[in-house]
>>> print(open('work_28.pdb').read())   # PDB, C-alpha atoms and all ligand atoms
MODEL        1
ATOM      1  CA  MET Z 352     -20.372  11.172  36.187
ATOM      2  CA  ASN Z 353     -17.598   8.643  36.525
ATOM      3  CA  VAL Z 354     -14.314  10.358  35.669
ATOM      4  CA  PRO Z 355     -11.413   7.923  35.835
ATOM      5  CA  ILE Z 356      -8.136   8.955  37.471
ATOM      6  CA  LYS Z 357      -5.239   7.335  35.620
ATOM      7  CA  THR Z 358      -2.540   5.440  37.506
ATOM      8  CA  PRO Z 359       1.139   6.221  36.831
ATOM      9  CA  GLU Z 360       1.327   3.094  34.637
ATOM     10  CA  GLU Z 361      -1.701   4.198  32.630
ATOM     11  CA  ILE Z 362      -0.293   7.718  32.300
ATOM     12  CA  GLU Z 363       2.900   6.324  30.795
ATOM     13  CA  LYS Z 364       0.820   4.447  28.199
ATOM     14  CA  MET Z 365      -1.236   7.580  27.490
ATOM     15  CA  ARG Z 366       2.024   9.452  26.864
ATOM     16  CA  VAL Z 367       3.132   6.866  24.331
ATOM     17  CA  ALA Z 368      -0.231   6.799  22.533
ATOM     18  CA  GLY Z 369      -0.379  10.598  22.504
ATOM     19  CA  ARG Z 370       3.105  10.907  21.065
ATOM     20  CA  LEU Z 371       2.319   8.407  18.313
ATOM     21  CA  ALA Z 372      -0.854  10.268  17.319
ATOM     22  CA  ALA Z 373       1.106  13.539  17.128
ATOM     23  CA  GLU Z 374       3.780  11.873  15.034
ATOM     24  CA  VAL Z 375       1.194  10.765  12.476
ATOM     25  CA  LEU Z 376       0.178  14.409  11.937
ATOM     26  CA  GLU Z 377       3.830  15.409  11.554
ATOM     27  CA  MET Z 378       4.391  12.555   9.117
ATOM     28  CA  ILE Z 379       1.357  13.353   6.930
ATOM     29  CA  ALA Z 380       1.902  17.151   6.722
ATOM     30  CA  PRO Z 381       4.089  17.156   3.554
ATOM     31  CA  TYR Z 382       1.518  15.036   1.690
ATOM     32  CA  VAL Z 383      -1.289  17.573   2.137
ATOM     33  CA  VAL Z 384      -0.927  19.306  -1.241
ATOM     34  CA  PRO Z 385      -3.190  20.141  -4.205
ATOM     35  CA  GLY Z 386      -4.114  17.021  -6.203
ATOM     36  CA  VAL Z 387      -3.833  14.471  -3.407
ATOM     37  CA  THR Z 388      -7.017  12.603  -2.481
ATOM     38  CA  THR Z 389      -8.219  12.185   1.067
ATOM     39  CA  GLY Z 390      -8.250   8.454   0.329
ATOM     40  CA  GLU Z 391      -4.500   8.582  -0.335
ATOM     41  CA  LEU Z 392      -3.909  10.446   2.934
ATOM     42  CA  ASP Z 393      -5.883   7.722   4.721
ATOM     43  CA  LYS Z 394      -3.812   4.944   3.141
ATOM     44  CA  ILE Z 395      -0.500   6.613   4.040
ATOM     45  CA  CYS Z 396      -1.603   7.129   7.657
ATOM     46  CA  HIS Z 397      -3.015   3.602   7.918
ATOM     47  CA  GLN Z 398       0.243   2.133   6.642
ATOM     48  CA  TYR Z 399       2.349   4.265   9.004
ATOM     49  CA  ILE Z 400       0.217   3.539  12.083
ATOM     50  CA  THR Z 401       0.009  -0.211  11.505
ATOM     51  CA  GLN Z 402       3.480  -0.910  10.051
ATOM     52  CA  VAL Z 403       5.844   1.698  11.505
ATOM     53  CA  GLN Z 404       4.134   2.387  14.831
ATOM     54  CA  GLN Z 405       2.743  -1.119  15.313
ATOM     55  CA  ALA Z 406      -0.395   0.563  16.571
ATOM     56  CA  ILE Z 407      -4.103   0.508  15.724
ATOM     57  CA  PRO Z 408      -6.031   3.281  13.945
ATOM     58  CA  ALA Z 409      -8.969   3.705  16.337
ATOM     59  CA  PRO Z 410     -11.518   5.087  13.852
ATOM     60  CA  LEU Z 411     -11.391   2.001  11.590
ATOM     61  CA  ASN Z 412     -14.601   0.041  12.279
ATOM     62  CA  TYR Z 413     -15.411   2.288  15.261
ATOM     63  CA  HIS Z 414     -19.234   2.074  15.265
ATOM     64  CA  GLY Z 415     -18.815   1.123  11.616
ATOM     65  CA  PHE Z 416     -16.587   4.029  10.507
ATOM     66  CA  PRO Z 417     -14.992   2.744   7.272
ATOM     67  CA  LYS Z 418     -11.531   4.395   7.310
ATOM     68  CA  SER Z 419      -8.507   4.895   9.566
ATOM     69  CA  ILE Z 420      -8.565   8.690   9.857
ATOM     70  CA  CYS Z 421     -11.113  11.492   9.530
ATOM     71  CA  THR Z 422     -10.615  14.123   6.824
ATOM     72  CA  SER Z 423     -12.922  17.145   7.019
ATOM     73  CA  VAL Z 424     -12.626  19.681   4.199
ATOM     74  CA  ASN Z 425     -13.930  23.307   4.122
ATOM     75  CA  HIS Z 426     -17.565  23.207   5.342
ATOM     76  CA  VAL Z 427     -17.185  19.705   6.831
ATOM     77  CA  ILE Z 428     -17.083  20.110  10.610
ATOM     78  CA  CYS Z 429     -15.879  16.632  11.576
ATOM     79  CA  HIS Z 430     -16.023  12.883  10.828
ATOM     80  CA  GLY Z 431     -15.366  13.359   7.098
ATOM     81  CA  ILE Z 432     -14.717   9.999   5.415
ATOM     82  CA  PRO Z 433     -11.577   9.748   3.266
ATOM     83  CA  ASP Z 434     -12.481   9.075  -0.339
ATOM     84  CA  ASP Z 435     -10.428   8.167  -3.420
ATOM     85  CA  ALA Z 436     -12.477  10.607  -5.517
ATOM     86  CA  LYS Z 437     -12.033  13.591  -3.183
ATOM     87  CA  LEU Z 438      -9.146  15.634  -4.637
ATOM     88  CA  LEU Z 439      -7.762  18.477  -2.555
ATOM     89  CA  LYS Z 440      -7.436  21.755  -4.429
ATOM     90  CA  LYS Z 441      -5.649  25.056  -3.818
ATOM     91  CA  GLY Z 442      -7.444  27.141  -1.215
ATOM     92  CA  ASP Z 443      -9.022  24.207   0.630
ATOM     93  CA  ILE Z 444      -8.654  23.865   4.385
ATOM     94  CA  ILE Z 445      -8.701  20.392   5.866
ATOM     95  CA  ASN Z 446      -8.825  18.934   9.345
ATOM     96  CA  ILE Z 447      -7.056  15.619   9.746
ATOM     97  CA  ASP Z 448      -8.069  13.784  12.916
ATOM     98  CA  ILE Z 449      -5.866  10.941  14.094
ATOM     99  CA  THR Z 450      -6.589   8.513  16.898
ATOM    100  CA  VAL Z 451      -4.214   5.642  17.592
ATOM    101  CA  ILE Z 452      -4.417   2.825  20.101
ATOM    102  CA  LYS Z 453      -1.115   1.613  21.503
ATOM    103  CA  ASP Z 454      -0.922  -0.889  24.321
ATOM    104  CA  ASP Z 455      -4.714  -0.517  24.797
ATOM    105  CA  TYR Z 456      -4.593   3.277  25.314
ATOM    106  CA  HIS Z 457      -5.824   6.030  22.982
ATOM    107  CA  GLY Z 458      -4.160   9.216  21.747
ATOM    108  CA  ASP Z 459      -6.486  11.601  19.861
ATOM    109  CA  THR Z 460      -5.430  14.765  18.051
ATOM    110  CA  SER Z 461      -6.318  16.831  15.020
ATOM    111  CA  GLN Z 462      -5.078  19.867  13.194
ATOM    112  CA  MET Z 463      -5.937  22.054  10.236
ATOM    113  CA  PHE Z 464      -3.845  22.191   7.066
ATOM    114  CA  TYR Z 465      -3.871  24.735   4.259
ATOM    115  CA  VAL Z 466      -3.848  23.351   0.746
ATOM    116  CA  GLY Z 467      -1.912  26.055  -1.080
ATOM    117  CA  GLU Z 468      -2.803  29.605   0.000
ATOM    118  CA  PRO Z 469      -6.010  29.974   2.054
ATOM    119  CA  SER Z 470      -8.493  32.827   1.757
ATOM    120  CA  ILE Z 471      -8.232  35.596   4.343
ATOM    121  CA  LEU Z 472     -11.320  34.233   6.122
ATOM    122  CA  ALA Z 473     -10.066  30.641   6.055
ATOM    123  CA  ARG Z 474      -6.770  31.689   7.622
ATOM    124  CA  ARG Z 475      -8.464  33.888  10.224
ATOM    125  CA  LEU Z 476     -10.877  31.114  11.228
ATOM    126  CA  THR Z 477      -8.167  28.458  11.323
ATOM    127  CA  GLU Z 478      -5.702  30.508  13.383
ATOM    128  CA  PHE Z 479      -8.491  31.654  15.694
ATOM    129  CA  THR Z 480      -9.573  28.093  16.408
ATOM    130  CA  LYS Z 481      -6.006  27.086  17.278
ATOM    131  CA  GLU Z 482      -5.688  30.082  19.623
ATOM    132  CA  ALA Z 483      -9.006  29.177  21.266
ATOM    133  CA  LEU Z 484      -7.727  25.641  21.907
ATOM    134  CA  TYR Z 485      -4.449  27.002  23.293
ATOM    135  CA  ALA Z 486      -6.234  29.462  25.580
ATOM    136  CA  ALA Z 487      -8.427  26.660  26.914
ATOM    137  CA  ILE Z 488      -5.428  24.375  27.476
ATOM    138  CA  LYS Z 489      -3.757  27.100  29.575
ATOM    139  CA  LEU Z 490      -6.651  27.019  32.028
ATOM    140  CA  VAL Z 491      -6.312  23.304  32.740
ATOM    141  CA  LYS Z 492      -4.947  22.558  36.207
ATOM    142  CA  PRO Z 493      -6.072  20.890  39.436
ATOM    143  CA  GLY Z 494      -8.868  22.880  41.040
ATOM    144  CA  ALA Z 495     -10.029  24.472  37.791
ATOM    145  CA  ARG Z 496     -13.531  23.661  36.577
ATOM    146  CA  ILE Z 497     -14.298  22.162  33.175
ATOM    147  CA  SER Z 498     -16.833  24.948  32.638
ATOM    148  CA  GLU Z 499     -13.918  27.409  32.334
ATOM    149  CA  ILE Z 500     -12.930  25.744  29.044
ATOM    150  CA  GLY Z 501     -16.195  26.498  27.279
ATOM    151  CA  GLN Z 502     -16.393  29.909  28.894
ATOM    152  CA  ILE Z 503     -13.114  31.151  27.474
ATOM    153  CA  ILE Z 504     -13.782  29.683  24.015
ATOM    154  CA  GLU Z 505     -17.215  31.296  23.921
ATOM    155  CA  GLU Z 506     -15.836  34.634  25.095
ATOM    156  CA  MET Z 507     -13.175  34.562  22.372
ATOM    157  CA  ALA Z 508     -15.549  33.410  19.606
ATOM    158  CA  THR Z 509     -18.146  36.047  20.458
ATOM    159  CA  LYS Z 510     -15.553  38.800  19.989
ATOM    160  CA  GLU Z 511     -14.720  37.487  16.507
ATOM    161  CA  ARG Z 512     -18.370  36.816  15.632
ATOM    162  CA  PHE Z 513     -17.607  33.165  14.994
ATOM    163  CA  SER Z 514     -19.934  30.440  16.269
ATOM    164  CA  ILE Z 515     -19.258  27.259  18.232
ATOM    165  CA  VAL Z 516     -20.577  23.838  17.274
ATOM    166  CA  GLN Z 517     -22.598  22.422  20.176
ATOM    167  CA  GLU Z 518     -23.527  18.946  18.950
ATOM    168  CA  TYR Z 519     -20.030  17.481  19.429
ATOM    169  CA  CYS Z 520     -17.704  17.890  22.353
ATOM    170  CA  GLY Z 521     -14.373  16.888  23.834
ATOM    171  CA  HIS Z 522     -14.232  13.750  25.937
ATOM    172  CA  GLY Z 523     -12.417  11.756  28.541
ATOM    173  CA  ILE Z 524     -10.040   9.237  26.972
ATOM    174  CA  GLY Z 525      -8.016   6.219  28.043
ATOM    175  CA  LYS Z 526      -8.607   2.549  27.363
ATOM    176  CA  VAL Z 527     -11.944   3.771  26.089
ATOM    177  CA  PHE Z 528     -12.013   6.159  23.093
ATOM    178  CA  HIS Z 529     -14.822   8.343  24.457
ATOM    179  CA  GLU Z 530     -15.456   8.286  28.211
ATOM    180  CA  ASP Z 531     -16.503  10.795  30.899
ATOM    181  CA  PRO Z 532     -16.241  13.716  31.225
ATOM    182  CA  GLN Z 533     -17.859  15.525  28.294
ATOM    183  CA  ILE Z 534     -15.974  18.711  27.477
ATOM    184  CA  LEU Z 535     -18.327  21.371  26.123
ATOM    185  CA  HIS Z 536     -16.678  24.085  24.033
ATOM    186  CA  TYR Z 537     -19.373  26.623  24.863
ATOM    187  CA  ASN Z 538     -20.911  27.950  28.033
ATOM    188  CA  GLY Z 539     -23.239  25.054  28.773
ATOM    189  CA  TYR Z 540     -22.538  23.529  32.173
ATOM    190  CA  THR Z 541     -24.827  23.773  35.168
ATOM    191  CA  SER Z 542     -23.656  23.560  38.771
ATOM    192  CA  ARG Z 543     -24.815  19.943  38.610
ATOM    193  CA  THR Z 544     -22.745  18.992  35.546
ATOM    194  CA  ASP Z 545     -19.656  21.106  36.254
ATOM    195  CA  LEU Z 546     -16.557  19.266  37.450
ATOM    196  CA  VAL Z 547     -13.407  20.186  39.378
ATOM    197  CA  LEU Z 548     -10.280  18.919  37.640
ATOM    198  CA  GLU Z 549      -7.953  16.563  39.475
ATOM    199  CA  PRO Z 550      -4.468  15.236  38.690
ATOM    200  CA  GLY Z 551      -4.634  12.058  36.616
ATOM    201  CA  MET Z 552      -7.656  13.014  34.545
ATOM    202  CA  CYS Z 553      -7.198  12.690  30.776
ATOM    203  CA  PHE Z 554      -9.475  14.337  28.236
ATOM    204  CA  THR Z 555      -9.519  16.069  24.883
ATOM    205  CA  ILE Z 556     -10.355  19.639  23.987
ATOM    206  CA  GLU Z 557     -11.406  19.887  20.349
ATOM    207  CA  PRO Z 558     -13.326  23.054  19.511
ATOM    208  CA  MET Z 559     -15.215  23.214  16.201
ATOM    209  CA  ILE Z 560     -15.691  26.836  15.166
ATOM    210  CA  ASN Z 561     -17.822  28.070  12.258
ATOM    211  CA  ALA Z 562     -17.517  31.254  10.224
ATOM    212  CA  GLY Z 563     -21.316  31.309   9.888
ATOM    213  CA  LYS Z 564     -24.080  29.892  12.068
ATOM    214  CA  ARG Z 565     -23.398  27.168  14.623
ATOM    215  CA  HIS Z 566     -25.848  24.569  13.349
ATOM    216  CA  SER Z 567     -24.687  21.272  11.902
ATOM    217  CA  ARG Z 568     -26.207  18.543   9.776
ATOM    218  CA  GLN Z 569     -25.158  14.934   9.256
ATOM    219  CA  LEU Z 570     -25.003  13.612   5.692
ATOM    220  CA  ASN Z 571     -26.721  10.412   4.585
ATOM    221  CA  ASP Z 572     -23.448   8.478   4.852
ATOM    222  CA  GLY Z 573     -24.177   8.444   8.582
ATOM    223  CA  TRP Z 574     -20.900  10.206   9.465
ATOM    224  CA  THR Z 575     -19.958  13.394   7.652
ATOM    225  CA  VAL Z 576     -21.032  16.433   9.675
ATOM    226  CA  VAL Z 577     -21.333  19.733   7.796
ATOM    227  CA  THR Z 578     -22.343  23.279   8.628
ATOM    228  CA  LYS Z 579     -26.036  23.714   7.831
ATOM    229  CA  ASP Z 580     -25.344  27.034   6.107
ATOM    230  CA  LYS Z 581     -22.293  25.589   4.251
ATOM    231  CA  SER Z 582     -20.005  28.106   5.953
ATOM    232  CA  LEU Z 583     -16.337  27.331   6.572
ATOM    233  CA  THR Z 584     -15.419  25.542   9.773
ATOM    234  CA  ALA Z 585     -12.215  24.665  11.620
ATOM    235  CA  GLN Z 586     -11.161  22.303  14.405
ATOM    236  CA  TRP Z 587      -8.014  21.564  16.408
ATOM    237  CA  GLU Z 588      -7.718  18.857  19.048
ATOM    238  CA  HIS Z 589      -5.293  17.765  21.742
ATOM    239  CA  THR Z 590      -5.332  15.010  24.367
ATOM    240  CA  LEU Z 591      -4.427  16.384  27.803
ATOM    241  CA  LEU Z 592      -3.360  15.081  31.199
ATOM    242  CA  VAL Z 593      -4.094  17.069  34.354
ATOM    243  CA  THR Z 594      -0.833  17.029  36.350
ATOM    244  CA  GLU Z 595      -0.130  18.061  39.975
ATOM    245  CA  THR Z 596       0.827  21.541  38.811
ATOM    246  CA  GLY Z 597      -1.042  22.093  35.555
ATOM    247  CA  VAL Z 598      -1.379  20.318  32.261
ATOM    248  CA  GLU Z 599       0.632  18.053  30.000
ATOM    249  CA  VAL Z 600      -0.274  18.093  26.315
ATOM    250  CA  LEU Z 601       0.081  14.419  25.484
ATOM    251  CA  THR Z 602      -0.310  14.994  21.732
ATOM    252  CA  ARG Z 603       2.071  17.962  21.488
ATOM    253  CA  ARG Z 604       3.873  18.328  18.158
ATOM    254  CA  SER Z 605       7.480  19.509  18.098
ATOM    255  CA  ASP Z 606       6.549  22.908  16.606
ATOM    256  CA  GLU Z 607       4.201  23.768  19.459
ATOM    257  CA  PRO Z 608       4.981  26.245  22.263
ATOM    258  CA  PHE Z 609       3.849  24.408  25.422
TER     259      PHE Z 609
HETATM  260  N1  LIG O 701     -11.367  11.447  16.578
HETATM  261  C1  LIG O 701     -12.737  11.849  16.778
HETATM  262  C2  LIG O 701     -12.767  12.562  18.095
HETATM  263  O1  LIG O 701     -12.040  13.489  18.237
HETATM  264  C3  LIG O 701     -13.679  10.697  16.733
HETATM  265  C4  LIG O 701     -13.739  10.062  15.422
HETATM  266  S1  LIG O 701     -14.847   8.774  15.495
HETATM  267  C5  LIG O 701     -14.876   8.209  13.921
HETATM  268  O2  LIG O 701     -13.409  12.230  19.048
HETATM  269  F1  LIG O 701     -15.477   7.095  13.960
HETATM  270  F2  LIG O 701     -15.435   9.126  13.149
HETATM  271  F3  LIG O 701     -13.629   8.051  13.523
HETATM  272 CO    CO O 702     -11.601  13.418  20.288
HETATM  273 CO    CO O 703     -10.194  13.255  17.257
ENDMDL
END
>>> encode(input="work_28.pdb", output="structure tokens")
Amino acid sequence: MNVPIKTPEEIEKMRVAGRLAAEVLEMIAPYVVPGVTTGELDKICHQYITQVQQAIPAPLNYHGFPKSICTSVNHVICHGIPDDAKLLKKGDIINIDITVIKDDYHGDTSQMFYVGEPSILARRLTEFTKEALYAAIKLVKPGARISEIGQIIEEMATKERFSIVQEYCGHGIGKVFHEDPQILHYNGYTSRTDLVLEPGMCFTIEPMINAGKRHSRQLNDGWTVVTKDKSLTAQWEHTLLVTETGVEVLTRRSDEPF
């Protein structure tokens, strides 16, 4: 495994890219209401990223992905494609995943939104998944092992009887969108694949948690990933920097505690 250590100059660029990605989520929040289409959300974000931020939406044309953001509604786990026909309705939950490139560096973050009032289960799953991400972030510091991330998420999910998607994972990030290391959100490392964290490493944690079984299926569009049993699913994502003393959340939003 080749895990890059960022230089101080690269870290400064990662901070800028991370902040921009977070700002897109803050910008789009008031638009996530019943009756809006995911296609409209995509257009607003695309416009903001390219015109206001003078940045690049990384998903657009990434391995052929057709839009600038990912919008994953209800039983869609990740990589949902925004669509002008897809109207959001009261009670939906949606993950919006934003990745921007600024000055060659990537910032990658996603959050869940409620469209109107969620069901009790939808709220429980959504809040749980955020808490699982936060608990994992707290463990990140020099000397910790990446296996601790999946361990704590699995421990927490087991208690709630939720399941963890295994087919997709967090990732190193920098000039390259997805680089080493892979960040598993479940207990899946071996002594050979485990890794000790060092200052200057940048990676995402982005757990996908299902209310039902863990298994996923990709639709024929080649992108959209759904739960096989159609159960609800939630995801939250941050881009992190390992610092000398702990962790910096590069995609922190202003309402967040760390
Ligand atoms: N942002 C996603 C991630 O967290 C990747 C999206 S790739 C796309 O890694 F092509 F679907 F946009
Ligand atoms: Co990511
Ligand atoms: Co993402």
>>> residues_near_ligand(input="work_28.pdb", ligand="ligand CO 703 (chain O)", cutoff="10 Å", atoms="only C-alpha atoms and all ligand atoms", output="ChimeraX atom specification")
/Z:372,409-410,420-421,429-430,446-451,458-462,521-522,528-529,555-557,586-590
>>> closest_residue(input="work_28.pdb", among="Z:Asn425, Z:Thr480, Z:Thr358, Z:Gln533", to="ligand LIG 701 (chain O)", atoms="all atoms listed in the file")
Z:Gln533
>>> atom_distance(input="work_28.pdb", atom1="CA of Ala380 (chain Z)", atom2="CA of Trp574 (chain Z)")
24.0 Å
>>> atom_distance(input="work_28.pdb", atom1="CA of Thr509 (chain Z)", atom2="CA of Gly563 (chain Z)")
12.0 Å
>>> closest_residue(input="work_28.pdb", among="Z:Gly494, Z:Glu360, Z:Glu511, Z:Lys440", to="Val384 (chain Z)", atoms="all atoms listed in the file")
Z:Lys440
>>> closest_residue(input="work_28.pdb", among="Z:Glu595, Z:Gln404, Z:Lys481, Z:Ile432", to="Phe416 (chain Z)", atoms="all atoms listed in the file")
Z:Ile432
>>> resolve_selection(input="work_28.pdb", expression="the PyMOL selection byres (((chain Z and resi 368) around 6) and not hetatm)", output="compact mmCIF listing (two decimals) with C-alpha atoms, keeping the file's coordinate frame")
# COMPACT_ATOMS: atom_id res chain seq x y z
CA MET Z 365 -1.24 7.58 27.49
CA ARG Z 366 2.02 9.45 26.86
CA VAL Z 367 3.13 6.87 24.33
CA GLY Z 369 -0.38 10.60 22.50
CA ARG Z 370 3.10 10.91 21.06
CA LEU Z 371 2.32 8.41 18.31
CA LYS Z 453 -1.12 1.61 21.50
CA HIS Z 457 -5.82 6.03 22.98
CA GLY Z 458 -4.16 9.22 21.75
>>> closest_residue(input="work_28.pdb", among="Z:His414, Z:Lys564, Z:Arg496, Z:His536", to="ligand LIG 701 (chain O)", atoms="all atoms listed in the file")
Z:His414
>>> closest_residue(input="work_28.pdb", among="Z:Val354, Z:Cys396, Z:Ile504, Z:Val375", to="Gly525 (chain Z)", atoms="all atoms listed in the file")
Z:Val354
